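Below you'll find the structure, written out as structure tokens, and then a few comments.
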Amino acid sequence: TLDLAGLPLDDAKTYEMLGRGEAMGVFQLEGSGMRDVLRKLKADRFEEIIAVVALYRPGPMDNIPRYIACKHGQEQPDYLHPTLEGILKETFGIAIYQEQVMQIAQTLSGYSLGGADLLRRAMGKKIKSEMEAQRKDFVEGAKARGVTEGKAAQIFEQVEKFAGYGFNKSHAAGYALVAYQTAWLKANYPVEFFAASMTLDLGNTDRLNLYKQELDRLKIKLLPPDINRSRASFSVEDLPDGSRAIRYALAAVKGVGAGAMEQLVKIREETGPFRDLFDFTARLDSQLLNKRQLENLARGGAFECLNPNRRQTFEAIETIIRHAQSATSERSSQQVSLFGDM
């Protein structure tokens with residue numbers, strides 16, 4: 001049982017995974033461009049995940065190289081003015097968030113909180129007449145606090161540029177928290193994480209293929225669909241060697257339907273594993289599965305636990321259905337006559 005709200009935000013395994021760019025399936029971070037940024041950044045603090053979420057957008061992303069260079073000590077941060085270091089230190093001198101723009105106006109020019117919010121909105125809307133008035137107030141307020149007019153004007157221009165694309169930090173933090181939580185789950189419980197992720201994309205074959213490639217890379221086994229072992233969704237299965245694998249979902253077999261597979265699993269759980277193909281069909285309501293569904297399950301290899309010859313099973317579907325409908329009790333003898341000597 002996990003308490004997502006109580007996850008440690010300093011998990012080394014999680015940051016090491018992200019630093020390798022292994023973010024497939026991680027909320028907000030799985031795009032190829034974002035994974036490249038993560039490899040270069042080597043984030044080791046939650047605040048850096050927040051920053052990346054806010055920066056990775058058209059406009060702000062131009063600052064990503066500088067942000068990374070400053071983090072690794074290759075460039076020195078520019079805090080614009082000594083009084084602003086406390087505001088900009090977390091983001092290496094780059095004003096990423098709207099809240100920073102407001103704090104700069106308060107600290108440097110004496111704006112009230114409400115006035116700073118008006119400045120933020122004016123900068124975002126870029127209304128010329130309003131901006132001129134704000135520029136005057138900003139510069140005059142800064143001068144009153146000992147900042148030269150030229151420096152104040154320069155800082156205003158920088159702040160105006162930042163405000164044009166500034167992101168709300170509380171919004172970015174919400175996204176980053178879910179990103180971190182999913183990354184933590186992948187780093188610490190990869191088998192369960194992928195079983196859940198693949199279930200979420202049950203009907204998306206392109207996504208399932210991407211997950212399969214990731215499982216191969218991580219050396220996590222993906223076991224085939226099995227009428228006696230699979231659930232309707234992707235599930236985790238313990239292997240004899242002590243490792244864990246993912247069992248393919250019955251509902252992910254094309255054209256079989258999730259509702260029918262859930263009913264099938266329910267019958268199996270209530271009455272035990274299916275002994276053979278006739279037992280399988282005899283125990284199911286004839287209205288539950290049609291010929292096409294059974295054929296697709298056979299194509300996917302779901303019946304190989306009952307008969308290892310996939311083609312033989314496929315070609316016998318009509319006979320099996322007739323057998324189920326007639327509810328014959330001579331299961332063993334008819335199986336021999338159907339398949340011949342195996």
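Simple scheme: letters A, B, ... for chains in structure tokens order, numbers from 1 for residues in each chain, numbers from 1 for ligands in the order shown.
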Exercise for the section: Just the residues within 9 Å of region 81-84 of chain A, please, counting only C-alpha atoms, with nothing from its chain fewer than 2 positions along; format it as number ranges by chain. Expected result: A: 78-79, 86-89, 93, 103-104, 107-108, 147, 151, 155
Can those selected residues be exported to a file as an mmCIF file, in the first residue's frame so that it contains N, CA and C atoms?
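And here's again_15.cif as it stands now:
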```cif
data_model
loop_
_atom_site.group_PDB
_atom_site.id
_atom_site.type_symbol
_atom_site.label_atom_id
_atom_site.label_comp_id
_atom_site.auth_asym_id
_atom_site.auth_seq_id
_atom_site.Cartn_x
_atom_site.Cartn_y
_atom_site.Cartn_z
ATOM 1 N N ASP A 78 22.890 35.405 -13.461
ATOM 2 C CA ASP A 78 22.776 36.865 -13.426
ATOM 3 C C ASP A 78 21.493 37.196 -12.667
ATOM 4 N N TYR A 79 21.651 37.748 -11.467
ATOM 5 C CA TYR A 79 20.489 38.033 -10.626
ATOM 6 C C TYR A 79 19.912 39.427 -10.858
ATOM 7 N N GLY A 86 17.767 36.436 -3.774
ATOM 8 C CA GLY A 86 16.921 35.497 -3.024
ATOM 9 C C GLY A 86 15.734 35.010 -3.823
ATOM 10 N N ILE A 87 15.253 35.847 -4.744
ATOM 11 C CA ILE A 87 14.093 35.487 -5.574
ATOM 12 C C ILE A 87 14.505 34.584 -6.737
ATOM 13 N N LEU A 88 15.672 34.859 -7.317
ATOM 14 C CA LEU A 88 16.082 34.183 -8.550
ATOM 15 C C LEU A 88 17.105 33.065 -8.340
ATOM 16 N N LYS A 89 17.573 32.883 -7.112
ATOM 17 C CA LYS A 89 18.627 31.887 -6.886
ATOM 18 C C LYS A 89 18.150 30.482 -7.224
ATOM 19 N N GLY A 93 18.981 32.598 -11.687
ATOM 20 C CA GLY A 93 18.919 33.935 -12.273
ATOM 21 C C GLY A 93 17.907 34.097 -13.385
ATOM 22 N N GLN A 103 7.259 39.138 -7.203
ATOM 23 C CA GLN A 103 8.186 39.362 -6.089
ATOM 24 C C GLN A 103 9.242 40.410 -6.443
ATOM 25 N N ILE A 104 9.710 40.403 -7.685
ATOM 26 C CA ILE A 104 10.701 41.400 -8.124
ATOM 27 C C ILE A 104 10.114 42.798 -8.012
ATOM 28 N N THR A 107 9.908 43.692 -4.248
ATOM 29 C CA THR A 107 11.204 43.889 -3.599
ATOM 30 C C THR A 107 11.949 45.095 -4.141
ATOM 31 N N LEU A 108 11.983 45.235 -5.458
ATOM 32 C CA LEU A 108 12.801 46.281 -6.081
ATOM 33 C C LEU A 108 12.095 47.624 -6.111
ATOM 34 N N VAL A 147 18.101 52.430 -6.501
ATOM 35 C CA VAL A 147 18.511 51.840 -7.781
ATOM 36 C C VAL A 147 18.572 52.950 -8.822
ATOM 37 N N LYS A 151 19.491 51.399 -14.487
ATOM 38 C CA LYS A 151 19.438 49.998 -14.058
ATOM 39 C C LYS A 151 17.998 49.545 -13.869
ATOM 40 N N ILE A 155 16.171 46.495 -15.810
ATOM 41 C CA ILE A 155 15.522 45.378 -15.114
ATOM 42 C C ILE A 155 14.068 45.267 -15.543
#
```
Handout entry: Polymer residues at most 10 Å from Ala163 (chain A), only C-alpha atoms, same-chain spacing of 6 or more positions, as a list in words
Key =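 Residues meeting the cut-off are Ala95, Ile96, Tyr97, Gln98, Glu99, Gln100, Val101, Met102, Leu119, Arg120, Arg121, Ala122, Met123, Gly124, Lys125, Lys126 and Glu157 of chain A.
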Handout entry: DSSP alpha helix (DSSP H) residues within region 140-332 of chain A, as a ChimeraX atom specification
Key = /A:140-143,149-163,169-188,190-200,205-218,258-271,277-282,291-299,310-315,317-326,331-332
Closest contacts (region 244-338 of chain A/region 202-220 of chain A, max 10 Å, only C-alpha atoms) as JSON lines:
```
{"residue": "A:Arg244", "atom": "CA", "partner": "A:Ile220", "partner_atom": "CA", "distance": 7.6}
{"residue": "A:Ala245", "atom": "CA", "partner": "A:Ile220", "partner_atom": "CA", "distance": 6.0}
{"residue": "A:Ile246", "atom": "CA", "partner": "A:Ile220", "partner_atom": "CA", "distance": 7.6}
{"residue": "A:Ala249", "atom": "CA", "partner": "A:Leu202", "partner_atom": "CA", "distance": 8.1}
{"residue": "A:Leu250", "atom": "CA", "partner": "A:Leu202", "partner_atom": "CA", "distance": 9.8}
{"residue": "A:Ala251", "atom": "CA", "partner": "A:Leu202", "partner_atom": "CA", "distance": 7.3}
{"residue": "A:Ala252", "atom": "CA", "partner": "A:Leu202", "partner_atom": "CA", "distance": 5.4}
{"residue": "A:Val253", "atom": "CA", "partner": "A:Gly203", "partner_atom": "CA", "distance": 8.7}
{"residue": "A:Lys254", "atom": "CA", "partner": "A:Gly203", "partner_atom": "CA", "distance": 7.9}
{"residue": "A:Gly255", "atom": "CA", "partner": "A:Gly203", "partner_atom": "CA", "distance": 9.7}
{"residue": "A:Gly257", "atom": "CA", "partner": "A:Gly203", "partner_atom": "CA", "distance": 9.9}
{"residue": "A:Ala258", "atom": "CA", "partner": "A:Leu202", "partner_atom": "CA", "distance": 9.3}
```
Put those residues in a file: all heavy atoms, as a PDB file, in the first residue's frame.
```pdb
ATOM      1  N   ARG A 244       9.579 -11.115 -11.488  1.00  0.00           N
ATOM      2  CA  ARG A 244       8.179 -10.813 -11.754  1.00  0.00           C
ATOM      3  C   ARG A 244       8.025 -10.423 -13.213  1.00  0.00           C
ATOM      4  O   ARG A 244       8.919  -9.826 -13.806  1.00  0.00           O
ATOM      5  CB  ARG A 244       7.673  -9.698 -10.840  1.00  0.00           C
ATOM      6  CG  ARG A 244       8.026  -9.899  -9.386  1.00  0.00           C
ATOM      7  CD  ARG A 244       7.287  -8.937  -8.487  1.00  0.00           C
ATOM      8  NE  ARG A 244       5.961  -9.438  -8.167  1.00  0.00           N
ATOM      9  CZ  ARG A 244       5.002  -8.706  -7.601  1.00  0.00           C
ATOM     10  NH1 ARG A 244       5.221  -7.440  -7.357  1.00  0.00           N
ATOM     11  NH2 ARG A 244       3.829  -9.219  -7.321  1.00  0.00           N
ATOM     12  N   ALA A 245       6.899 -10.775 -13.785  1.00  0.00           N
ATOM     13  CA  ALA A 245       6.640 -10.495 -15.196  1.00  0.00           C
ATOM     14  C   ALA A 245       5.246  -9.907 -15.338  1.00  0.00           C
ATOM     15  O   ALA A 245       4.451  -9.893 -14.389  1.00  0.00           O
ATOM     16  CB  ALA A 245       6.764 -11.778 -16.017  1.00  0.00           C
ATOM     17  N   ILE A 246       4.954  -9.414 -16.526  1.00  0.00           N
ATOM     18  CA  ILE A 246       3.626  -8.881 -16.827  1.00  0.00           C
ATOM     19  C   ILE A 246       2.905  -9.884 -17.725  1.00  0.00           C
ATOM     20  O   ILE A 246       3.449 -10.339 -18.725  1.00  0.00           O
ATOM     21  CB  ILE A 246       3.726  -7.518 -17.539  1.00  0.00           C
ATOM     22  CG1 ILE A 246       4.351  -6.486 -16.595  1.00  0.00           C
ATOM     23  CG2 ILE A 246       2.346  -7.041 -17.994  1.00  0.00           C
ATOM     24  CD1 ILE A 246       4.619  -5.141 -17.247  1.00  0.00           C
ATOM     25  N   ALA A 249      -2.946  -8.820 -21.152  1.00  0.00           N
ATOM     26  CA  ALA A 249      -4.364  -8.707 -20.827  1.00  0.00           C
ATOM     27  C   ALA A 249      -5.229  -9.381 -21.887  1.00  0.00           C
ATOM     28  O   ALA A 249      -5.012  -9.202 -23.087  1.00  0.00           O
ATOM     29  CB  ALA A 249      -4.753  -7.235 -20.715  1.00  0.00           C
ATOM     30  N   LEU A 250      -6.236 -10.123 -21.453  1.00  0.00           N
ATOM     31  CA  LEU A 250      -7.175 -10.716 -22.408  1.00  0.00           C
ATOM     32  C   LEU A 250      -7.911  -9.629 -23.182  1.00  0.00           C
ATOM     33  O   LEU A 250      -8.139  -9.747 -24.389  1.00  0.00           O
ATOM     34  CB  LEU A 250      -8.177 -11.615 -21.673  1.00  0.00           C
ATOM     35  CG  LEU A 250      -7.625 -12.922 -21.087  1.00  0.00           C
ATOM     36  CD1 LEU A 250      -8.718 -13.643 -20.304  1.00  0.00           C
ATOM     37  CD2 LEU A 250      -7.070 -13.822 -22.182  1.00  0.00           C
ATOM     38  N   ALA A 251      -8.273  -8.543 -22.484  1.00  0.00           N
ATOM     39  CA  ALA A 251      -9.026  -7.469 -23.136  1.00  0.00           C
ATOM     40  C   ALA A 251      -8.192  -6.700 -24.153  1.00  0.00           C
ATOM     41  O   ALA A 251      -8.729  -5.949 -24.955  1.00  0.00           O
ATOM     42  CB  ALA A 251      -9.591  -6.507 -22.091  1.00  0.00           C
ATOM     43  N   ALA A 252      -6.856  -6.887 -24.127  1.00  0.00           N
ATOM     44  CA  ALA A 252      -5.993  -6.210 -25.098  1.00  0.00           C
ATOM     45  C   ALA A 252      -5.887  -6.996 -26.401  1.00  0.00           C
ATOM     46  O   ALA A 252      -5.314  -6.505 -27.376  1.00  0.00           O
ATOM     47  CB  ALA A 252      -4.599  -5.986 -24.515  1.00  0.00           C
ATOM     48  N   VAL A 253      -6.416  -8.231 -26.418  1.00  0.00           N
ATOM     49  CA  VAL A 253      -6.492  -8.977 -27.674  1.00  0.00           C
ATOM     50  C   VAL A 253      -7.556  -8.300 -28.536  1.00  0.00           C
ATOM     51  O   VAL A 253      -8.676  -8.058 -28.078  1.00  0.00           O
ATOM     52  CB  VAL A 253      -6.846 -10.456 -27.413  1.00  0.00           C
ATOM     53  CG1 VAL A 253      -7.017 -11.201 -28.735  1.00  0.00           C
ATOM     54  CG2 VAL A 253      -5.772 -11.116 -26.560  1.00  0.00           C
ATOM     55  N   LYS A 254      -7.213  -7.990 -29.752  1.00  0.00           N
ATOM     56  CA  LYS A 254      -8.081  -7.186 -30.600  1.00  0.00           C
ATOM     57  C   LYS A 254      -9.440  -7.869 -30.830  1.00  0.00           C
ATOM     58  O   LYS A 254      -9.512  -9.050 -31.150  1.00  0.00           O
ATOM     59  CB  LYS A 254      -7.402  -6.939 -31.945  1.00  0.00           C
ATOM     60  CG  LYS A 254      -8.121  -5.932 -32.821  1.00  0.00           C
ATOM     61  CD  LYS A 254      -7.321  -5.616 -34.068  1.00  0.00           C
ATOM     62  CE  LYS A 254      -8.028  -4.585 -34.936  1.00  0.00           C
ATOM     63  NZ  LYS A 254      -7.260  -4.292 -36.163  1.00  0.00           N
ATOM     64  N   GLY A 255     -10.505  -7.073 -30.648  1.00  0.00           N
ATOM     65  CA  GLY A 255     -11.844  -7.514 -31.026  1.00  0.00           C
ATOM     66  C   GLY A 255     -12.547  -8.453 -30.072  1.00  0.00           C
ATOM     67  O   GLY A 255     -13.558  -9.047 -30.432  1.00  0.00           O
ATOM     68  N   GLY A 257     -13.344  -7.577 -26.601  1.00  0.00           N
ATOM     69  CA  GLY A 257     -14.207  -6.829 -25.700  1.00  0.00           C
ATOM     70  C   GLY A 257     -13.857  -6.993 -24.239  1.00  0.00           C
ATOM     71  O   GLY A 257     -13.704  -8.127 -23.754  1.00  0.00           O
ATOM     72  N   ALA A 258     -13.719  -5.873 -23.543  1.00  0.00           N
ATOM     73  CA  ALA A 258     -13.328  -5.907 -22.136  1.00  0.00           C
ATOM     74  C   ALA A 258     -14.410  -6.541 -21.263  1.00  0.00           C
ATOM     75  O   ALA A 258     -14.112  -7.323 -20.352  1.00  0.00           O
ATOM     76  CB  ALA A 258     -13.025  -4.484 -21.646  1.00  0.00           C
TER      77      ALA A 258
END
```
Practice task
Go through A:Phe46, A:Glu237, A:Arg35, A:Asn228 one by one, measure the shortest atom-to-atom distance of each to Glu269 (chain A) using only C-alpha atoms, and give the residue with the smallest value.
Solution key: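 The closest residue to Glu269 (chain A) is A:Asn228.
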Handout entry: Point-to-point distance in Å for CA of Met131 (chain A) and CA of Phe156 (chain A)
Key =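 Separation of CA of Phe156 (chain A) and CA of Met131 (chain A): 10.3 Å.
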Completion exercise
From the list A:Ala298, A:Ala105, A:Ala172, A:Met198, the nearest residue to Ala142 (chain A) using only C-alpha atoms is A:Ala105
Exercise for the section: For region 132-136 of chain A, work out the shell of residues within 8 Å, counting only C-alpha atoms and skipping chain neighbours fewer than 3 positions away, then give it as a VMD selection string. Expected result: chain A and resid 119 128 to 129 139 to 140 153 156
Completion exercise
Using only C-alpha atoms, the residue out of A:Ala195, A:Tyr180, A:Phe162, A:Ala43 with shortest distance to Asn63 (chain A) is A:Phe162
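Among A:Gly166, A:Gly19, A:Gly110, A:Pro224, the residue with the shortest atom-to-atom distance to Ala144 (chain A), counting only C-alpha atoms, is A:Gly110.
Near Glu48 (chain A), within 12 Å and counting only C-alpha atoms, sit A:Leu9, A:Asp10, A:Tyr15, A:Leu18, A:Gly19, A:Val37, A:Leu38, A:Leu41, A:Lys42, A:Ala54, A:Leu55, A:Tyr56, A:Ile64, A:Tyr67, A:Ile68, A:Lys71, A:Glu90, A:Thr91, A:Phe92, A:Ile96, A:Lys169, A:Ala172, A:Ala173, A:Ala176, A:Leu177, A:Ala179, A:Tyr180; same-chain residues fewer than 6 positions away were not included.
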Exercise for the section: Pick out the residues sitting within 9 Å of Ile227 (chain A), and hand them over as a list in words; count only C-alpha atoms, and ignore anything fewer than 6 positions along from it in its own chain. Expected result: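 My list of contacting residues is Leu250, Leu264, Val265, Arg268, Pro273, Phe274, Phe280, Leu297, Gly301, Ala302, Phe303, Glu304, Cys305 and Leu306 of chain A.
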